[in-house]
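Enquirer: Input structure_27.pdb, format and content: PDB, C-alpha atoms.
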```
ATOM      1  CA  MET L 959      12.361 159.379 172.378  1.00  0.00           C
ATOM      2  CA  SER L 960      15.357 160.143 170.285  1.00  0.00           C
ATOM      3  CA  ARG L 961      18.759 158.784 171.166  1.00  0.00           C
ATOM      4  CA  PRO L 962      21.100 161.401 172.671  1.00  0.00           C
ATOM      5  CA  ARG L 963      23.977 162.290 170.370  1.00  0.00           C
ATOM      6  CA  PRO L 964      27.477 163.506 171.178  1.00  0.00           C
ATOM      7  CA  THR L 965      27.900 167.253 170.990  1.00  0.00           C
ATOM      8  CA  PRO L 966      29.921 168.748 168.117  1.00  0.00           C
ATOM      9  CA  GLU L 967      32.549 169.715 170.700  1.00  0.00           C
ATOM     10  CA  LEU L 968      32.884 166.123 171.897  1.00  0.00           C
ATOM     11  CA  LEU L 969      33.092 164.829 168.340  1.00  0.00           C
ATOM     12  CA  GLN L 970      35.745 167.395 167.530  1.00  0.00           C
ATOM     13  CA  ARG L 971      37.737 166.416 170.616  1.00  0.00           C
ATOM     14  CA  LEU L 972      37.519 162.732 169.649  1.00  0.00           C
ATOM     15  CA  ARG L 973      38.668 163.476 166.118  1.00  0.00           C
ATOM     16  CA  GLU L 974      41.539 165.582 167.367  1.00  0.00           C
ATOM     17  CA  GLY L 975      42.568 162.751 169.671  1.00  0.00           C
ATOM     18  CA  LYS L 976      42.612 160.391 166.704  1.00  0.00           C
ATOM     19  CA  ARG L 977      44.649 162.842 164.639  1.00  0.00           C
ATOM     20  CA  GLU L 978      47.145 163.165 167.488  1.00  0.00           C
ATOM     21  CA  LEU L 979      47.398 159.384 167.773  1.00  0.00           C
ATOM     22  CA  HIS L 980      48.111 159.069 164.041  1.00  0.00           C
ATOM     23  CA  ALA L 981      50.692 161.859 164.256  1.00  0.00           C
ATOM     24  CA  ALA L 982      52.399 160.111 167.185  1.00  0.00           C
ATOM     25  CA  GLN L 983      52.433 156.822 165.240  1.00  0.00           C
ATOM     26  CA  ARG L 984      53.883 158.592 162.227  1.00  0.00           C
ATOM     27  CA  ASP L 985      56.705 160.067 164.300  1.00  0.00           C
ATOM     28  CA  LEU L 986      57.747 156.809 166.006  1.00  0.00           C
ATOM     29  CA  PRO L 987      61.353 155.673 165.545  1.00  0.00           C
ATOM     30  CA  LEU L 988      61.754 153.303 162.590  1.00  0.00           C
ATOM     31  CA  PRO L 989      62.688 150.213 164.659  1.00  0.00           C
ATOM     32  CA  GLU L 990      59.466 150.682 166.631  1.00  0.00           C
ATOM     33  CA  LYS L 991      57.493 150.905 163.370  1.00  0.00           C
ATOM     34  CA  ILE L 992      59.129 147.671 162.199  1.00  0.00           C
ATOM     35  CA  ARG L 993      58.238 146.030 165.525  1.00  0.00           C
ATOM     36  CA  GLN L 994      54.624 147.150 165.020  1.00  0.00           C
ATOM     37  CA  LEU L 995      54.656 145.860 161.458  1.00  0.00           C
ATOM     38  CA  LEU L 996      55.829 142.434 162.674  1.00  0.00           C
ATOM     39  CA  GLU L 997      52.925 142.374 165.134  1.00  0.00           C
ATOM     40  CA  LEU L 998      50.468 143.513 162.452  1.00  0.00           C
ATOM     41  CA  GLN L 999      51.717 140.748 160.159  1.00  0.00           C
ATOM     42  CA  LYS L1000      50.969 138.101 162.789  1.00  0.00           C
ATOM     43  CA  ILE L1001      47.467 139.463 163.415  1.00  0.00           C
ATOM     44  CA  ALA L1002      46.627 139.878 159.721  1.00  0.00           C
ATOM     45  CA  TYR L1003      48.044 136.452 158.885  1.00  0.00           C
ATOM     46  CA  GLU L1004      45.863 134.704 161.487  1.00  0.00           C
ATOM     47  CA  ILE L1005      42.753 136.556 160.313  1.00  0.00           C
ATOM     48  CA  ARG L1006      43.398 135.745 156.664  1.00  0.00           C
ATOM     49  CA  ARG L1007      44.182 132.109 157.420  1.00  0.00           C
ATOM     50  CA  ALA L1008      41.025 131.735 159.524  1.00  0.00           C
ATOM     51  CA  ARG L1009      39.024 133.361 156.724  1.00  0.00           C
ATOM     52  CA  GLY L1010      40.364 130.743 154.321  1.00  0.00           C
ATOM     53  CA  ASP L1011      42.193 133.228 152.080  1.00  0.00           C
ATOM     54  CA  VAL L1012      44.515 131.711 149.527  1.00  0.00           C
ATOM     55  CA  LEU L1013      47.957 132.894 150.636  1.00  0.00           C
ATOM     56  CA  GLN L1014      51.128 132.950 148.587  1.00  0.00           C
ATOM     57  CA  PRO L1015      54.043 131.069 150.166  1.00  0.00           C
ATOM     58  CA  TRP L1016      55.808 134.346 150.973  1.00  0.00           C
ATOM     59  CA  GLU L1017      52.706 135.917 152.554  1.00  0.00           C
ATOM     60  CA  LYS L1018      53.554 135.052 156.120  1.00  0.00           C
ATOM     61  CA  PRO L1019      54.988 136.893 159.119  1.00  0.00           C
ATOM     62  CA  TRP L1020      58.710 137.532 158.847  1.00  0.00           C
ATOM     63  CA  ASP L1021      60.936 135.653 161.238  1.00  0.00           C
ATOM     64  CA  ILE L1022      63.251 138.602 161.787  1.00  0.00           C
ATOM     65  CA  GLU L1023      64.181 141.079 164.494  1.00  0.00           C
ATOM     66  CA  PRO L1024      63.372 144.750 164.028  1.00  0.00           C
TER      67      PRO L1024
ATOM     68  CA  MET Z1496      67.947 135.879 163.815  1.00  0.00           C
ATOM     69  CA  PRO Z1497      68.140 138.101 160.702  1.00  0.00           C
ATOM     70  CA  SER Z1498      67.012 141.716 160.797  1.00  0.00           C
ATOM     71  CA  PHE Z1499      65.686 144.435 158.515  1.00  0.00           C
ATOM     72  CA  GLY Z1500      69.054 146.186 158.762  1.00  0.00           C
ATOM     73  CA  GLN Z1501      70.791 143.065 157.425  1.00  0.00           C
ATOM     74  CA  THR Z1502      68.415 142.963 154.453  1.00  0.00           C
ATOM     75  CA  LEU Z1503      69.198 146.596 153.674  1.00  0.00           C
ATOM     76  CA  ARG Z1504      72.914 145.911 154.023  1.00  0.00           C
ATOM     77  CA  ALA Z1505      72.598 143.050 151.509  1.00  0.00           C
ATOM     78  CA  ILE Z1506      70.827 145.334 149.022  1.00  0.00           C
ATOM     79  CA  ASN Z1507      73.598 147.903 149.420  1.00  0.00           C
ATOM     80  CA  ASP Z1508      76.115 145.093 148.772  1.00  0.00           C
ATOM     81  CA  MET Z1509      74.238 144.276 145.590  1.00  0.00           C
ATOM     82  CA  ARG Z1510      74.833 147.801 144.336  1.00  0.00           C
ATOM     83  CA  ALA Z1511      78.478 147.735 145.432  1.00  0.00           C
ATOM     84  CA  ASP Z1512      78.896 144.415 143.545  1.00  0.00           C
ATOM     85  CA  GLY Z1513      77.457 146.002 140.373  1.00  0.00           C
ATOM     86  CA  VAL Z1514      74.452 143.673 140.228  1.00  0.00           C
ATOM     87  CA  ILE Z1515      72.210 146.746 140.271  1.00  0.00           C
ATOM     88  CA  GLU Z1516      73.187 150.302 139.376  1.00  0.00           C
ATOM     89  CA  GLU Z1517      70.881 152.031 141.798  1.00  0.00           C
ATOM     90  CA  TYR Z1518      67.838 151.248 143.892  1.00  0.00           C
ATOM     91  CA  ALA Z1519      65.102 152.776 146.016  1.00  0.00           C
ATOM     92  CA  ILE Z1520      62.762 151.137 148.507  1.00  0.00           C
ATOM     93  CA  ALA Z1521      59.155 151.475 147.302  1.00  0.00           C
ATOM     94  CA  GLY Z1522      55.728 150.101 148.259  1.00  0.00           C
ATOM     95  CA  ALA Z1523      54.413 149.646 151.777  1.00  0.00           C
ATOM     96  CA  MET Z1524      57.878 149.447 153.344  1.00  0.00           C
ATOM     97  CA  ALA Z1525      58.667 152.871 151.887  1.00  0.00           C
ATOM     98  CA  VAL Z1526      55.375 154.161 153.313  1.00  0.00           C
ATOM     99  CA  LEU Z1527      56.625 153.108 156.746  1.00  0.00           C
ATOM    100  CA  PHE Z1528      59.476 155.616 156.434  1.00  0.00           C
ATOM    101  CA  TRP Z1529      56.988 158.453 155.864  1.00  0.00           C
ATOM    102  CA  THR Z1530      53.903 157.603 157.868  1.00  0.00           C
ATOM    103  CA  GLU Z1531      52.265 154.857 159.940  1.00  0.00           C
ATOM    104  CA  PRO Z1532      53.120 151.203 159.325  1.00  0.00           C
ATOM    105  CA  ILE Z1533      50.724 149.211 157.159  1.00  0.00           C
ATOM    106  CA  VAL Z1534      50.663 145.452 156.741  1.00  0.00           C
ATOM    107  CA  THR Z1535      52.856 144.034 154.042  1.00  0.00           C
ATOM    108  CA  TYR Z1536      54.673 140.765 153.536  1.00  0.00           C
ATOM    109  CA  ASP Z1537      57.333 141.847 151.087  1.00  0.00           C
ATOM    110  CA  LEU Z1538      59.853 144.550 150.370  1.00  0.00           C
ATOM    111  CA  ASP Z1539      59.560 146.230 146.965  1.00  0.00           C
ATOM    112  CA  VAL Z1540      62.817 147.525 145.577  1.00  0.00           C
ATOM    113  CA  LEU Z1541      62.844 149.605 142.396  1.00  0.00           C
ATOM    114  CA  VAL Z1542      66.131 149.057 140.580  1.00  0.00           C
ATOM    115  CA  PHE Z1543      68.190 150.245 137.653  1.00  0.00           C
ATOM    116  CA  LEU Z1544      69.878 147.220 136.144  1.00  0.00           C
ATOM    117  CA  PRO Z1545      73.194 147.607 134.336  1.00  0.00           C
ATOM    118  CA  VAL Z1546      72.541 147.843 130.594  1.00  0.00           C
ATOM    119  CA  ARG Z1547      73.621 144.558 128.978  1.00  0.00           C
ATOM    120  CA  GLY Z1548      71.798 144.457 125.674  1.00  0.00           C
ATOM    121  CA  LEU Z1549      68.230 145.226 124.712  1.00  0.00           C
ATOM    122  CA  LEU Z1550      66.395 142.843 126.995  1.00  0.00           C
ATOM    123  CA  VAL Z1551      65.861 143.309 130.712  1.00  0.00           C
ATOM    124  CA  SER Z1552      66.905 140.227 132.640  1.00  0.00           C
ATOM    125  CA  LEU Z1553      66.710 139.545 136.341  1.00  0.00           C
ATOM    126  CA  ALA Z1554      69.145 136.648 135.947  1.00  0.00           C
ATOM    127  CA  PRO Z1555      72.110 138.546 137.490  1.00  0.00           C
ATOM    128  CA  ILE Z1556      69.992 139.186 140.593  1.00  0.00           C
ATOM    129  CA  TYR Z1557      69.133 135.506 140.951  1.00  0.00           C
ATOM    130  CA  GLU Z1558      72.746 134.496 140.333  1.00  0.00           C
ATOM    131  CA  TRP Z1559      73.908 136.910 143.025  1.00  0.00           C
ATOM    132  CA  ALA Z1560      71.239 135.554 145.387  1.00  0.00           C
ATOM    133  CA  THR Z1561      72.303 131.960 144.759  1.00  0.00           C
ATOM    134  CA  LYS Z1562      75.930 132.815 145.522  1.00  0.00           C
ATOM    135  CA  ARG Z1563      74.804 134.209 148.866  1.00  0.00           C
ATOM    136  CA  SER Z1564      72.492 131.259 149.543  1.00  0.00           C
ATOM    137  CA  TYR Z1565      69.348 133.384 149.326  1.00  0.00           C
ATOM    138  CA  ARG Z1566      66.563 131.252 147.939  1.00  0.00           C
ATOM    139  CA  ALA Z1567      63.931 132.421 145.444  1.00  0.00           C
ATOM    140  CA  GLU Z1568      60.209 131.938 146.040  1.00  0.00           C
ATOM    141  CA  LYS Z1569      58.349 132.618 142.823  1.00  0.00           C
ATOM    142  CA  GLU Z1570      59.196 136.229 141.955  1.00  0.00           C
ATOM    143  CA  HIS Z1571      60.703 137.000 145.367  1.00  0.00           C
ATOM    144  CA  VAL Z1572      64.190 136.530 146.703  1.00  0.00           C
ATOM    145  CA  ILE Z1573      64.348 135.796 150.429  1.00  0.00           C
ATOM    146  CA  VAL Z1574      67.065 138.147 151.635  1.00  0.00           C
ATOM    147  CA  GLU Z1575      67.915 137.718 155.316  1.00  0.00           C
ATOM    148  CA  GLY Z1576      64.443 136.390 156.063  1.00  0.00           C
ATOM    149  CA  MET Z1577      62.512 138.996 154.064  1.00  0.00           C
ATOM    150  CA  PRO Z1578      60.851 138.359 150.679  1.00  0.00           C
ATOM    151  CA  VAL Z1579      62.264 141.032 148.383  1.00  0.00           C
ATOM    152  CA  HIS Z1580      60.629 141.930 145.087  1.00  0.00           C
ATOM    153  CA  PHE Z1581      63.067 143.544 142.669  1.00  0.00           C
ATOM    154  CA  LEU Z1582      61.275 145.702 140.119  1.00  0.00           C
ATOM    155  CA  PRO Z1583      63.321 147.068 137.205  1.00  0.00           C
ATOM    156  CA  ALA Z1584      62.321 150.694 136.500  1.00  0.00           C
ATOM    157  CA  HIS Z1585      59.500 150.305 133.967  1.00  0.00           C
ATOM    158  CA  ASN Z1586      58.944 153.900 132.841  1.00  0.00           C
ATOM    159  CA  GLU Z1587      59.980 157.533 133.291  1.00  0.00           C
ATOM    160  CA  LEU Z1588      58.007 157.860 136.531  1.00  0.00           C
ATOM    161  CA  ALA Z1589      59.888 154.916 138.060  1.00  0.00           C
ATOM    162  CA  ASP Z1590      63.192 156.376 136.790  1.00  0.00           C
ATOM    163  CA  GLU Z1591      62.442 159.641 138.559  1.00  0.00           C
ATOM    164  CA  ALA Z1592      61.307 157.826 141.698  1.00  0.00           C
ATOM    165  CA  ILE Z1593      64.728 156.170 141.914  1.00  0.00           C
ATOM    166  CA  ASN Z1594      66.690 159.278 140.951  1.00  0.00           C
ATOM    167  CA  THR Z1595      64.923 161.498 143.489  1.00  0.00           C
ATOM    168  CA  ALA Z1596      64.878 158.934 146.328  1.00  0.00           C
ATOM    169  CA  VAL Z1597      65.871 160.237 149.739  1.00  0.00           C
ATOM    170  CA  ALA Z1598      68.944 158.904 151.544  1.00  0.00           C
ATOM    171  CA  LYS Z1599      67.916 157.705 154.979  1.00  0.00           C
ATOM    172  CA  GLU Z1600      69.382 155.462 157.652  1.00  0.00           C
ATOM    173  CA  TYR Z1601      68.024 152.441 159.465  1.00  0.00           C
ATOM    174  CA  GLU Z1602      70.018 151.395 162.534  1.00  0.00           C
ATOM    175  CA  GLY Z1603      73.118 152.902 160.982  1.00  0.00           C
ATOM    176  CA  VAL Z1604      72.570 151.294 157.555  1.00  0.00           C
ATOM    177  CA  PRO Z1605      72.124 153.730 154.655  1.00  0.00           C
ATOM    178  CA  VAL Z1606      68.981 153.193 152.597  1.00  0.00           C
ATOM    179  CA  ARG Z1607      67.381 155.021 149.672  1.00  0.00           C
ATOM    180  CA  VAL Z1608      63.627 155.493 149.939  1.00  0.00           C
ATOM    181  CA  VAL Z1609      61.176 156.702 147.277  1.00  0.00           C
ATOM    182  CA  ARG Z1610      59.752 160.104 148.195  1.00  0.00           C
ATOM    183  CA  PRO Z1611      56.111 160.036 149.323  1.00  0.00           C
ATOM    184  CA  GLU Z1612      54.977 162.165 146.359  1.00  0.00           C
ATOM    185  CA  TYR Z1613      56.392 159.573 143.951  1.00  0.00           C
ATOM    186  CA  LEU Z1614      54.914 156.723 145.991  1.00  0.00           C
ATOM    187  CA  ILE Z1615      51.494 158.350 145.521  1.00  0.00           C
ATOM    188  CA  ALA Z1616      52.081 158.619 141.782  1.00  0.00           C
ATOM    189  CA  LEU Z1617      53.301 155.011 141.517  1.00  0.00           C
ATOM    190  CA  TYR Z1618      50.242 153.803 143.433  1.00  0.00           C
ATOM    191  CA  LEU Z1619      47.995 155.589 140.938  1.00  0.00           C
ATOM    192  CA  GLU Z1620      49.553 154.201 137.778  1.00  0.00           C
ATOM    193  CA  GLY Z1621      46.927 152.749 135.461  1.00  0.00           C
ATOM    194  CA  SER Z1622      47.754 149.066 135.367  1.00  0.00           C
ATOM    195  CA  ALA Z1623      48.731 148.948 139.036  1.00  0.00           C
ATOM    196  CA  LYS Z1624      45.798 150.966 140.425  1.00  0.00           C
ATOM    197  CA  THR Z1625      43.740 148.761 142.734  1.00  0.00           C
ATOM    198  CA  PRO Z1626      41.372 149.926 145.502  1.00  0.00           C
ATOM    199  CA  LYS Z1627      44.040 149.050 148.077  1.00  0.00           C
ATOM    200  CA  ARG Z1628      46.701 151.078 146.281  1.00  0.00           C
ATOM    201  CA  ARG Z1629      44.321 154.023 145.846  1.00  0.00           C
ATOM    202  CA  GLU Z1630      43.622 153.915 149.561  1.00  0.00           C
ATOM    203  CA  ARG Z1631      47.348 153.944 150.343  1.00  0.00           C
ATOM    204  CA  ALA Z1632      47.864 156.871 148.005  1.00  0.00           C
ATOM    205  CA  ALA Z1633      45.050 158.769 149.726  1.00  0.00           C
ATOM    206  CA  ALA Z1634      46.499 158.034 153.182  1.00  0.00           C
ATOM    207  CA  LEU Z1635      49.908 159.265 152.084  1.00  0.00           C
ATOM    208  CA  ARG Z1636      48.396 162.393 150.560  1.00  0.00           C
ATOM    209  CA  GLU Z1637      46.849 163.250 153.909  1.00  0.00           C
ATOM    210  CA  SER Z1638      50.012 162.705 155.901  1.00  0.00           C
ATOM    211  CA  ALA Z1639      52.138 165.638 156.987  1.00  0.00           C
ATOM    212  CA  GLY Z1640      55.106 166.861 155.009  1.00  0.00           C
ATOM    213  CA  ILE Z1641      53.741 166.085 151.562  1.00  0.00           C
ATOM    214  CA  ASP Z1642      54.658 168.527 148.798  1.00  0.00           C
ATOM    215  CA  HIS Z1643      51.182 168.866 147.321  1.00  0.00           C
ATOM    216  CA  SER Z1644      52.354 170.934 144.380  1.00  0.00           C
ATOM    217  CA  LEU Z1645      54.777 168.163 143.406  1.00  0.00           C
ATOM    218  CA  VAL Z1646      51.980 165.573 143.658  1.00  0.00           C
ATOM    219  CA  HIS Z1647      49.844 167.811 141.448  1.00  0.00           C
ATOM    220  CA  ARG Z1648      52.637 168.215 138.886  1.00  0.00           C
ATOM    221  CA  LEU Z1649      53.323 164.466 138.797  1.00  0.00           C
ATOM    222  CA  MET Z1650      49.653 163.671 138.364  1.00  0.00           C
ATOM    223  CA  ASN Z1651      49.427 166.128 135.454  1.00  0.00           C
ATOM    224  CA  ARG Z1652      52.632 165.016 133.773  1.00  0.00           C
ATOM    225  CA  PHE Z1653      51.817 161.317 134.000  1.00  0.00           C
ATOM    226  CA  SER Z1654      48.032 161.690 133.479  1.00  0.00           C
ATOM    227  CA  LEU Z1655      47.149 160.138 136.833  1.00  0.00           C
ATOM    228  CA  THR Z1656      43.859 160.353 138.719  1.00  0.00           C
ATOM    229  CA  PHE Z1657      42.657 159.183 142.116  1.00  0.00           C
TER     230      PHE Z1657
END
```
Starting from the coordinates I provided, produce the structure as structure tokens.
Expert:
Amino acid sequence: MSRPRPTPELLQRLREGKRELHAAQRDLPLPEKIRQLLELQKIAYEIRRARGDVLQPWEKPWDIEP
Amino acid sequence: MPSFGQTLRAINDMRADGVIEEYAIAGAMAVLFWTEPIVTYDLDVLVFLPVRGLLVSLAPIYEWATKRSYRAEKEHVIVEGMPVHFLPAHNELADEAINTAVAKEYEGVPVRVVRPEYLIALYLEGSAKTPKRRERAAALRESAGIDHSLVHRLMNRFSLTF
């Protein structure tokens, strides 16, 4: 028995939702983007450190406010 | 605690003090002005240095930083908590990227940002083209508001490919 697949309409709706999300992210105020960047830095830093990546001294989350 | 606005203010001071002639924010921090944020740990700043002989020297930048108690970490200067990478314009494409930069504001602080079309072109430059940079160029190309004909012209003029 073959696995049921999403309909083209559902896939299109999902893709549109993703496009809308990206558009909303793009249009955020700059301070909010900086706040998100600071969060992304913390997440990426922890992942890279746990992975054992060799990090440059400056490759660490910034201790700043947006 | 320092802030991004304070870093931008310091860079504007640098221009006012004559340490640099002109500047434009480039790299991932410039991308943030045009589309979604992507992870980065430094701020790239393309600069025109005042002409003082035939050789390009970053010494005046480091001297200025020392006077303001900003420490250097390898090739970066830590300006108000942010590692800043000053890149003297290295070719005609970089010159144009600075000259055509867009004046924006961040929390009331004026800032010049490289246009997205020039960011794409800079990402695709031969020696600098890595998979990560190609990916960033592609993401920018797909974002709204891009002047595709300008991207096309830049790619032709500077012999760039994806």
Enquirer: I need the residue set behind the PyMOL selection byres ((chain Z and resi 1641-1652) around 12) for this file; please write it as a count of residues only.
Expert: 33
Enquirer: What is the distance between atom CA of L:Leu988 and atom CA of Z:Met1509, in Å to one decimal?
Expert: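 Taking atom CA of L:Leu988 as the start and atom CA of Z:Met1509 as the end point, the length is 22.9 Å.
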Enquirer: Give as a PyMOL selection string every residue of chain L that touches chain Z within 8 Å, counting only C-alpha atoms.
Expert: chain L and resi 980+983-985+988-989+991-992+994-995+998-999+1002+1015-1024
Enquirer: Quick one, how far is atom CA of Z:Tyr1557 from atom CA of Z:Glu1516?
Expert: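 Distance reported for this atom pair: 15.4 Å.
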Enquirer: Could you tell me how far atom CA of Z:Phe1581 sits from atom CA of Z:Asp1539, in Å to one decimal place?
Expert: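 So the answer is 6.2 Å.
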Enquirer: Which residue is closest to Z:Ala1598? Choose from Z:Val1551, Z:Ala1525, Z:Ile1556, Z:Leu1582 and count all atoms listed in the file.
Expert: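 When distances to Z:Ala1598 are compared using all atoms listed in the file, the smallest one comes from Z:Ala1525.
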